[in-house]
>>> print(open('structure05.txt').read())   # compact mmCIF, N, CA and C atoms
# COMPACT_ATOMS: atom_id res chain seq x y z
N GLY A 1 40.91 77.60 114.37
CA GLY A 1 40.69 78.62 113.40
C GLY A 1 41.68 78.58 112.26
N PHE A 2 42.52 77.53 112.17
CA PHE A 2 43.47 77.45 111.06
C PHE A 2 43.04 76.36 110.08
N LEU A 3 43.38 76.60 108.83
CA LEU A 3 42.99 75.71 107.75
C LEU A 3 43.75 74.40 107.82
N ILE A 4 43.03 73.30 107.71
CA ILE A 4 43.66 71.98 107.71
C ILE A 4 43.57 71.35 106.33
N ALA A 5 42.42 71.46 105.69
CA ALA A 5 42.24 70.89 104.35
C ALA A 5 41.26 71.78 103.57
N VAL A 6 41.43 71.80 102.26
CA VAL A 6 40.57 72.59 101.38
C VAL A 6 40.11 71.70 100.24
N MET A 7 38.84 71.81 99.90
CA MET A 7 38.34 71.11 98.73
C MET A 7 37.25 71.96 98.09
N LEU A 8 37.41 72.26 96.83
CA LEU A 8 36.43 73.03 96.09
C LEU A 8 35.66 72.12 95.16
N CYS A 9 34.36 72.31 95.09
CA CYS A 9 33.51 71.52 94.20
C CYS A 9 32.63 72.46 93.40
N VAL A 10 32.04 71.92 92.36
CA VAL A 10 31.10 72.69 91.57
C VAL A 10 29.83 72.92 92.39
N ALA A 11 29.03 73.89 91.98
CA ALA A 11 27.89 74.31 92.79
C ALA A 11 26.76 73.29 92.85
N ASN A 12 26.71 72.34 91.92
CA ASN A 12 25.58 71.41 91.93
C ASN A 12 25.83 70.18 92.82
N ILE A 13 26.95 70.16 93.54
CA ILE A 13 27.21 69.08 94.50
C ILE A 13 26.87 69.60 95.89
N HIS A 14 26.00 68.89 96.61
CA HIS A 14 25.59 69.31 97.95
C HIS A 14 26.76 69.24 98.93
N ASP A 15 26.73 70.10 99.93
CA ASP A 15 27.81 70.17 100.91
C ASP A 15 28.06 68.85 101.61
N SER A 16 27.01 68.11 101.91
CA SER A 16 27.20 66.85 102.64
C SER A 16 27.93 65.80 101.79
N LYS A 17 27.68 65.78 100.49
CA LYS A 17 28.40 64.85 99.62
C LYS A 17 29.86 65.26 99.47
N ALA A 18 30.10 66.55 99.32
CA ALA A 18 31.48 67.04 99.24
C ALA A 18 32.19 66.83 100.57
N GLY A 19 31.46 66.92 101.67
CA GLY A 19 32.03 66.69 102.99
C GLY A 19 32.53 65.27 103.16
N LEU A 20 31.79 64.32 102.60
CA LEU A 20 32.24 62.92 102.66
C LEU A 20 33.53 62.73 101.87
N LEU A 21 33.64 63.39 100.73
CA LEU A 21 34.89 63.33 99.96
C LEU A 21 36.05 63.95 100.74
N LEU A 22 35.76 65.01 101.46
CA LEU A 22 36.80 65.65 102.28
C LEU A 22 37.22 64.74 103.43
N LEU A 23 36.27 64.02 104.02
CA LEU A 23 36.60 63.08 105.09
C LEU A 23 37.49 61.95 104.56
N ILE A 24 37.24 61.52 103.34
CA ILE A 24 38.10 60.50 102.73
C ILE A 24 39.52 61.04 102.60
N MET A 25 39.64 62.30 102.14
CA MET A 25 40.96 62.94 102.03
C MET A 25 41.66 63.03 103.38
N LEU A 26 40.92 63.42 104.41
CA LEU A 26 41.50 63.53 105.74
C LEU A 26 41.93 62.16 106.28
N ASN A 27 41.12 61.16 106.03
CA ASN A 27 41.42 59.82 106.52
C ASN A 27 42.65 59.25 105.82
N GLU A 28 42.78 59.47 104.51
CA GLU A 28 43.95 58.99 103.77
C GLU A 28 45.20 59.75 104.17
N GLY A 29 45.05 61.01 104.59
CA GLY A 29 46.18 61.80 105.03
C GLY A 29 46.59 61.49 106.46
N LEU A 30 45.99 60.46 107.04
CA LEU A 30 46.29 60.00 108.39
C LEU A 30 46.05 61.08 109.45
N MET A 31 45.05 61.92 109.20
CA MET A 31 44.68 62.93 110.18
C MET A 31 43.48 62.42 110.96
N LYS A 32 43.66 62.22 112.24
CA LYS A 32 42.58 61.73 113.09
C LYS A 32 42.12 62.86 114.00
N PHE A 33 40.84 63.07 114.04
CA PHE A 33 40.25 64.11 114.87
C PHE A 33 39.25 63.48 115.82
N LYS A 34 39.11 64.05 116.99
CA LYS A 34 38.10 63.58 117.93
C LYS A 34 36.74 64.14 117.57
N CYS A 35 36.72 65.41 117.22
CA CYS A 35 35.45 66.08 116.95
C CYS A 35 35.62 67.04 115.78
N ILE A 36 34.64 67.07 114.90
CA ILE A 36 34.64 67.98 113.77
C ILE A 36 33.41 68.86 113.89
N LEU A 37 33.60 70.18 113.83
CA LEU A 37 32.48 71.11 113.89
C LEU A 37 31.96 71.36 112.48
N ALA A 38 30.65 71.36 112.33
CA ALA A 38 30.04 71.59 111.03
C ALA A 38 28.79 72.45 111.20
N ASP A 39 28.34 73.06 110.11
CA ASP A 39 27.11 73.83 110.20
C ASP A 39 25.92 72.94 109.84
N ALA A 40 24.74 73.53 109.81
CA ALA A 40 23.51 72.76 109.67
C ALA A 40 23.40 72.05 108.31
N GLY A 41 24.16 72.47 107.32
CA GLY A 41 24.13 71.81 106.01
C GLY A 41 24.69 70.40 106.03
N TYR A 42 25.41 70.06 107.08
CA TYR A 42 26.05 68.75 107.17
C TYR A 42 25.33 67.82 108.14
N SER A 43 24.06 68.00 108.35
CA SER A 43 23.34 67.14 109.29
C SER A 43 22.73 65.94 108.56
N GLY A 44 22.20 65.01 109.34
CA GLY A 44 21.50 63.86 108.77
C GLY A 44 22.42 62.73 108.37
N VAL A 45 22.34 62.34 107.10
CA VAL A 45 23.08 61.18 106.57
C VAL A 45 24.59 61.38 106.68
N PHE A 46 25.04 62.61 106.52
CA PHE A 46 26.48 62.90 106.60
C PHE A 46 27.04 62.49 107.96
N ILE A 47 26.34 62.84 109.01
CA ILE A 47 26.80 62.52 110.37
C ILE A 47 26.85 61.01 110.57
N GLU A 48 25.81 60.31 110.10
CA GLU A 48 25.77 58.85 110.25
C GLU A 48 26.91 58.18 109.48
N LYS A 49 27.14 58.60 108.24
CA LYS A 49 28.20 57.99 107.43
C LYS A 49 29.58 58.31 107.98
N ALA A 50 29.78 59.53 108.48
CA ALA A 50 31.08 59.90 109.05
C ALA A 50 31.38 59.06 110.28
N ASP A 51 30.35 58.80 111.08
CA ASP A 51 30.55 57.98 112.28
C ASP A 51 30.76 56.51 111.91
N LYS A 52 29.97 56.03 110.96
CA LYS A 52 30.04 54.62 110.58
C LYS A 52 31.34 54.28 109.84
N LEU A 53 31.74 55.10 108.88
CA LEU A 53 32.90 54.80 108.06
C LEU A 53 34.23 55.15 108.73
N TYR A 54 34.28 56.29 109.43
CA TYR A 54 35.56 56.78 109.93
C TYR A 54 35.58 57.00 111.44
N SER A 55 34.50 56.78 112.10
CA SER A 55 34.31 57.00 113.54
C SER A 55 34.66 58.43 113.95
N TYR A 56 34.26 59.40 113.11
CA TYR A 56 34.40 60.81 113.44
C TYR A 56 33.13 61.27 114.15
N MET A 57 33.29 62.06 115.20
CA MET A 57 32.14 62.65 115.87
C MET A 57 31.93 64.04 115.26
N ILE A 58 30.79 64.25 114.65
CA ILE A 58 30.47 65.52 114.02
C ILE A 58 29.52 66.28 114.94
N LYS A 59 29.90 67.50 115.29
CA LYS A 59 29.03 68.34 116.11
C LYS A 59 28.51 69.46 115.23
N VAL A 60 27.20 69.52 115.07
CA VAL A 60 26.58 70.55 114.23
C VAL A 60 26.38 71.81 115.07
N VAL A 61 26.96 72.91 114.59
CA VAL A 61 26.85 74.19 115.28
C VAL A 61 25.83 75.02 114.52
N SER A 62 24.69 75.27 115.16
CA SER A 62 23.65 76.06 114.52
C SER A 62 22.88 76.85 115.58
N ARG A 63 22.01 77.71 115.12
CA ARG A 63 21.24 78.55 116.04
C ARG A 63 20.15 77.73 116.73
N ASP A 64 19.84 78.12 117.96
CA ASP A 64 18.73 77.49 118.68
C ASP A 64 17.42 77.98 118.09
N LYS A 65 16.40 77.16 118.18
CA LYS A 65 15.09 77.54 117.64
C LYS A 65 14.47 78.68 118.45
N GLU A 66 14.84 78.79 119.73
CA GLU A 66 14.31 79.89 120.55
C GLU A 66 14.83 81.23 120.06
N ASN A 67 16.12 81.26 119.69
CA ASN A 67 16.70 82.52 119.22
C ASN A 67 16.16 82.93 117.86
N LEU A 68 15.78 81.96 117.04
CA LEU A 68 15.19 82.29 115.74
C LEU A 68 13.85 82.98 115.93
N ALA A 69 13.07 82.52 116.90
CA ALA A 69 11.76 83.11 117.14
C ALA A 69 11.87 84.51 117.73
N LYS A 70 12.86 84.74 118.60
CA LYS A 70 13.03 86.04 119.24
C LYS A 70 13.66 87.07 118.32
N LYS A 71 14.37 86.63 117.31
CA LYS A 71 15.07 87.50 116.36
C LYS A 71 16.03 88.45 117.07
N GLU A 72 16.76 87.92 118.01
CA GLU A 72 17.78 88.71 118.69
C GLU A 72 19.14 88.11 118.39
N PHE A 73 20.16 88.94 118.50
CA PHE A 73 21.51 88.46 118.23
C PHE A 73 22.08 87.81 119.47
N LYS A 74 22.55 86.59 119.30
CA LYS A 74 23.24 85.88 120.36
C LYS A 74 24.34 85.06 119.69
N PRO A 75 25.61 85.27 120.06
CA PRO A 75 26.70 84.53 119.41
C PRO A 75 26.55 83.02 119.59
N ILE A 76 26.83 82.29 118.53
CA ILE A 76 26.74 80.84 118.57
C ILE A 76 28.10 80.30 118.99
N SER A 77 28.08 79.37 119.92
CA SER A 77 29.31 78.80 120.44
C SER A 77 30.13 78.18 119.31
N LYS A 78 31.42 78.49 119.25
CA LYS A 78 32.40 77.99 118.28
C LYS A 78 32.20 78.52 116.87
N ARG A 79 31.07 79.08 116.54
CA ARG A 79 30.83 79.58 115.19
C ARG A 79 31.71 80.79 114.88
N TRP A 80 32.01 81.58 115.90
CA TRP A 80 32.81 82.78 115.69
C TRP A 80 34.21 82.44 115.22
N VAL A 81 34.73 81.26 115.58
CA VAL A 81 36.07 80.86 115.15
C VAL A 81 36.10 80.72 113.63
N ILE A 82 35.08 80.10 113.09
CA ILE A 82 34.99 79.89 111.65
C ILE A 82 34.82 81.23 110.93
N GLU A 83 33.93 82.06 111.42
CA GLU A 83 33.68 83.35 110.78
C GLU A 83 34.90 84.26 110.87
N ARG A 84 35.63 84.21 111.97
CA ARG A 84 36.85 85.00 112.12
C ARG A 84 37.89 84.58 111.08
N THR A 85 38.03 83.27 110.87
CA THR A 85 38.98 82.77 109.90
C THR A 85 38.61 83.22 108.49
N PHE A 86 37.32 83.17 108.15
CA PHE A 86 36.88 83.65 106.84
C PHE A 86 37.16 85.14 106.67
N SER A 87 37.00 85.91 107.73
CA SER A 87 37.27 87.34 107.61
C SER A 87 38.76 87.60 107.43
N TRP A 88 39.61 86.78 108.05
CA TRP A 88 41.05 86.90 107.83
C TRP A 88 41.39 86.61 106.37
N PHE A 89 40.74 85.60 105.79
CA PHE A 89 41.00 85.27 104.39
C PHE A 89 40.54 86.38 103.46
N ASP A 90 39.49 87.11 103.83
CA ASP A 90 39.00 88.20 102.99
C ASP A 90 39.97 89.37 102.94
N ASN A 91 40.95 89.41 103.82
CA ASN A 91 41.96 90.46 103.75
C ASN A 91 42.87 90.29 102.54
N ASP A 92 42.92 89.10 101.98
CA ASP A 92 43.70 88.87 100.76
C ASP A 92 42.83 89.17 99.55
N ARG A 93 43.28 90.11 98.74
CA ARG A 93 42.47 90.57 97.62
C ARG A 93 42.16 89.45 96.63
N ARG A 94 43.08 88.50 96.48
CA ARG A 94 42.86 87.41 95.52
C ARG A 94 41.72 86.50 95.95
N LEU A 95 41.37 86.50 97.24
CA LEU A 95 40.28 85.64 97.69
C LEU A 95 38.94 86.37 97.77
N CYS A 96 38.96 87.68 97.85
CA CYS A 96 37.68 88.39 97.94
C CYS A 96 37.09 88.71 96.58
N ARG A 97 37.83 88.46 95.52
CA ARG A 97 37.33 88.61 94.15
C ARG A 97 37.46 87.28 93.42
N ASN A 98 36.64 87.07 92.44
CA ASN A 98 36.66 85.80 91.72
C ASN A 98 37.50 85.94 90.45
N TYR A 99 38.82 85.80 90.59
CA TYR A 99 39.72 85.91 89.46
C TYR A 99 40.09 84.55 88.87
N LYS A 100 39.82 83.50 89.60
CA LYS A 100 40.35 82.19 89.25
C LYS A 100 39.52 81.52 88.14
N LEU A 101 40.21 80.84 87.25
CA LEU A 101 39.54 80.10 86.20
C LEU A 101 39.51 78.60 86.50
N LYS A 102 40.40 78.13 87.35
CA LYS A 102 40.48 76.71 87.68
C LYS A 102 40.27 76.49 89.17
N HIS A 103 39.70 75.33 89.51
CA HIS A 103 39.48 74.99 90.92
C HIS A 103 40.80 74.87 91.68
N GLU A 104 41.79 74.32 91.03
CA GLU A 104 43.09 74.12 91.68
C GLU A 104 43.71 75.45 92.11
N THR A 105 43.55 76.46 91.27
CA THR A 105 44.09 77.78 91.59
C THR A 105 43.42 78.35 92.83
N SER A 106 42.11 78.20 92.90
CA SER A 106 41.38 78.71 94.04
C SER A 106 41.77 77.98 95.33
N GLU A 107 41.90 76.67 95.26
CA GLU A 107 42.33 75.89 96.43
C GLU A 107 43.71 76.34 96.89
N ASN A 108 44.62 76.50 95.93
CA ASN A 108 45.99 76.90 96.28
C ASN A 108 46.05 78.31 96.85
N MET A 109 45.21 79.22 96.37
CA MET A 109 45.19 80.57 96.92
C MET A 109 44.70 80.54 98.37
N ASN A 110 43.73 79.68 98.67
CA ASN A 110 43.28 79.52 100.06
C ASN A 110 44.41 78.98 100.93
N LYS A 111 45.15 78.02 100.42
CA LYS A 111 46.27 77.45 101.18
C LYS A 111 47.35 78.50 101.42
N LEU A 112 47.66 79.30 100.40
CA LEU A 112 48.66 80.35 100.56
C LEU A 112 48.24 81.39 101.60
N SER A 113 46.97 81.72 101.59
CA SER A 113 46.46 82.67 102.58
C SER A 113 46.57 82.09 103.99
N ALA A 114 46.28 80.81 104.15
CA ALA A 114 46.40 80.16 105.46
C ALA A 114 47.86 80.12 105.91
N ILE A 115 48.76 79.85 104.99
CA ILE A 115 50.20 79.84 105.32
C ILE A 115 50.65 81.23 105.77
N LYS A 116 50.17 82.26 105.07
CA LYS A 116 50.51 83.63 105.44
C LYS A 116 50.03 83.95 106.86
N LEU A 117 48.81 83.50 107.20
CA LEU A 117 48.28 83.72 108.55
C LEU A 117 49.13 83.02 109.61
N LEU A 118 49.53 81.80 109.31
CA LEU A 118 50.35 81.06 110.26
C LEU A 118 51.71 81.72 110.46
N ILE A 119 52.31 82.19 109.38
CA ILE A 119 53.61 82.87 109.48
C ILE A 119 53.50 84.15 110.29
N ASN A 120 52.40 84.88 110.11
CA ASN A 120 52.21 86.12 110.87
C ASN A 120 51.99 85.86 112.36
N LYS A 121 51.52 84.68 112.71
CA LYS A 121 51.30 84.34 114.12
C LYS A 121 52.59 83.98 114.85
N ILE A 122 53.61 83.61 114.08
CA ILE A 122 54.88 83.19 114.70
C ILE A 122 55.64 84.38 115.23
>>> encode(input="structure05.txt", output="structure tokens")
Amino acid sequence: GFLIAVMLCVANIHDSKAGLLLLIMLNEGLMKFKCILADAGYSGVFIEKADKLYSYMIKVVSRDKENLAKKEFKPISKRWVIERTFSWFDNDRRLCRNYKLKHETSENMNKLSAIKLLINKI
């Protein structure tokens, strides 16, 4: 549930393409992971390229088709960790409003919020 890397892109770049750029950043930073959790937006070609280029195992966390048909609430395994982290970030006013003019500022504000969370856990 803690932030490892942040990358902001413009809205016309699909998540899977930006995800590949993030994997390049992680690989150059010498960070090796056994498994990376992703949502349904990162399925298909992204998973194949991540496995082929960097040998990362991507596990897509999404709702079961049975639960979609029943329209009942059932927590998705591991998804709550991601949503909890986002809710922690929303406690910082600078992240819940769009004040930033540059991408770098927004990335750095996310990093500062993550550092604050880590310090509070100590």
>>> select_by_dssp(input="structure05.txt", residues="range 17-77 of chain A", states="helix (DSSP H, G or I)", output="MDAnalysis selection string")
chainID A and resid 17:28 40:42 45:54 65:70
>>> closest_residue(input="structure05.txt", among="A:Asp15, A:Lys52, A:Lys78, A:Lys70", to="Leu37 in chain A", atoms="all atoms listed in the file")
A:Lys78
>>> closest_residue(input="structure05.txt", among="A:Ala11, A:Leu112, A:Val61, A:Leu20", to="Val45 in chain A", atoms="only C-alpha atoms")
A:Leu20
>>> atom_distance(input="structure05.txt", atom1="CA of Ile24 in chain A", atom2="CA of Ala38 in chain A")
16.0 Å
>>> select_by_dssp(input="structure05.txt", residues="chain A", states="strand (DSSP E or B)", output="ChimeraX atom specification")
/A:35-38,57-60
>>> residues_around(input="structure05.txt", residues="Glu104 in chain A", least_positions_apart="5", cutoff="8 Å", atoms="only N, CA and C atoms", output="PyMOL selection string")
chain A and resi 8+109-110
>>> residues_around(input="structure05.txt", residues="Leu22 in chain A", least_positions_apart="5", cutoff="8 Å", atoms="all atoms listed in the file", output="list in words")
Ala5, Val6, Met7, Ser16, Lys17, Asn27 and Glu28 of chain A
>>> build_atoms(input="structure05.txt", residues="range 11-32 of chain A", atoms="N, CA, C and O atoms", output="short mmCIF file (atom, residue, chain, number, x, y, z; two decimals), in the coordinates of the input")
data_model
loop_
_atom_site.label_atom_id
_atom_site.label_comp_id
_atom_site.auth_asym_id
_atom_site.auth_seq_id
_atom_site.Cartn_x
_atom_site.Cartn_y
_atom_site.Cartn_z
N ALA A 11 29.03 73.89 91.98
CA ALA A 11 27.89 74.31 92.79
C ALA A 11 26.76 73.29 92.85
O ALA A 11 25.93 73.34 93.75
N ASN A 12 26.71 72.34 91.92
CA ASN A 12 25.58 71.41 91.93
C ASN A 12 25.83 70.18 92.82
O ASN A 12 25.03 69.27 92.86
N ILE A 13 26.95 70.16 93.54
CA ILE A 13 27.21 69.08 94.50
C ILE A 13 26.87 69.60 95.89
O ILE A 13 27.35 70.66 96.31
N HIS A 14 26.00 68.89 96.61
CA HIS A 14 25.59 69.31 97.95
C HIS A 14 26.76 69.24 98.93
O HIS A 14 27.67 68.42 98.77
N ASP A 15 26.73 70.10 99.93
CA ASP A 15 27.81 70.17 100.91
C ASP A 15 28.06 68.85 101.61
O ASP A 15 29.21 68.50 101.89
N SER A 16 27.01 68.11 101.91
CA SER A 16 27.20 66.85 102.64
C SER A 16 27.93 65.80 101.79
O SER A 16 28.73 65.04 102.31
N LYS A 17 27.68 65.78 100.49
CA LYS A 17 28.40 64.85 99.62
C LYS A 17 29.86 65.26 99.47
O LYS A 17 30.77 64.43 99.49
N ALA A 18 30.10 66.55 99.32
CA ALA A 18 31.48 67.04 99.24
C ALA A 18 32.19 66.83 100.57
O ALA A 18 33.38 66.55 100.61
N GLY A 19 31.46 66.92 101.67
CA GLY A 19 32.03 66.69 102.99
C GLY A 19 32.53 65.27 103.16
O GLY A 19 33.57 65.03 103.78
N LEU A 20 31.79 64.32 102.60
CA LEU A 20 32.24 62.92 102.66
C LEU A 20 33.53 62.73 101.87
O LEU A 20 34.43 61.99 102.30
N LEU A 21 33.64 63.39 100.73
CA LEU A 21 34.89 63.33 99.96
C LEU A 21 36.05 63.95 100.74
O LEU A 21 37.17 63.45 100.72
N LEU A 22 35.76 65.01 101.46
CA LEU A 22 36.80 65.65 102.28
C LEU A 22 37.22 64.74 103.43
O LEU A 22 38.39 64.65 103.77
N LEU A 23 36.27 64.02 104.02
CA LEU A 23 36.60 63.08 105.09
C LEU A 23 37.49 61.95 104.56
O LEU A 23 38.39 61.48 105.27
N ILE A 24 37.24 61.52 103.34
CA ILE A 24 38.10 60.50 102.73
C ILE A 24 39.52 61.04 102.60
O ILE A 24 40.50 60.36 102.90
N MET A 25 39.64 62.30 102.14
CA MET A 25 40.96 62.94 102.03
C MET A 25 41.66 63.03 103.38
O MET A 25 42.85 62.75 103.50
N LEU A 26 40.92 63.42 104.41
CA LEU A 26 41.50 63.53 105.74
C LEU A 26 41.93 62.16 106.28
O LEU A 26 42.98 62.04 106.91
N ASN A 27 41.12 61.16 106.03
CA ASN A 27 41.42 59.82 106.52
C ASN A 27 42.65 59.25 105.82
O ASN A 27 43.49 58.60 106.45
N GLU A 28 42.78 59.47 104.51
CA GLU A 28 43.95 58.99 103.77
C GLU A 28 45.20 59.75 104.17
O GLU A 28 46.30 59.22 104.08
N GLY A 29 45.05 61.01 104.59
CA GLY A 29 46.18 61.80 105.03
C GLY A 29 46.59 61.49 106.46
O GLY A 29 47.42 62.17 107.02
N LEU A 30 45.99 60.46 107.04
CA LEU A 30 46.29 60.00 108.39
C LEU A 30 46.05 61.08 109.45
O LEU A 30 46.73 61.15 110.45
N MET A 31 45.05 61.92 109.20
CA MET A 31 44.68 62.93 110.18
C MET A 31 43.48 62.42 110.96
O MET A 31 42.42 62.20 110.40
N LYS A 32 43.66 62.22 112.24
CA LYS A 32 42.58 61.73 113.09
C LYS A 32 42.12 62.86 114.00
O LYS A 32 42.92 63.51 114.65
#
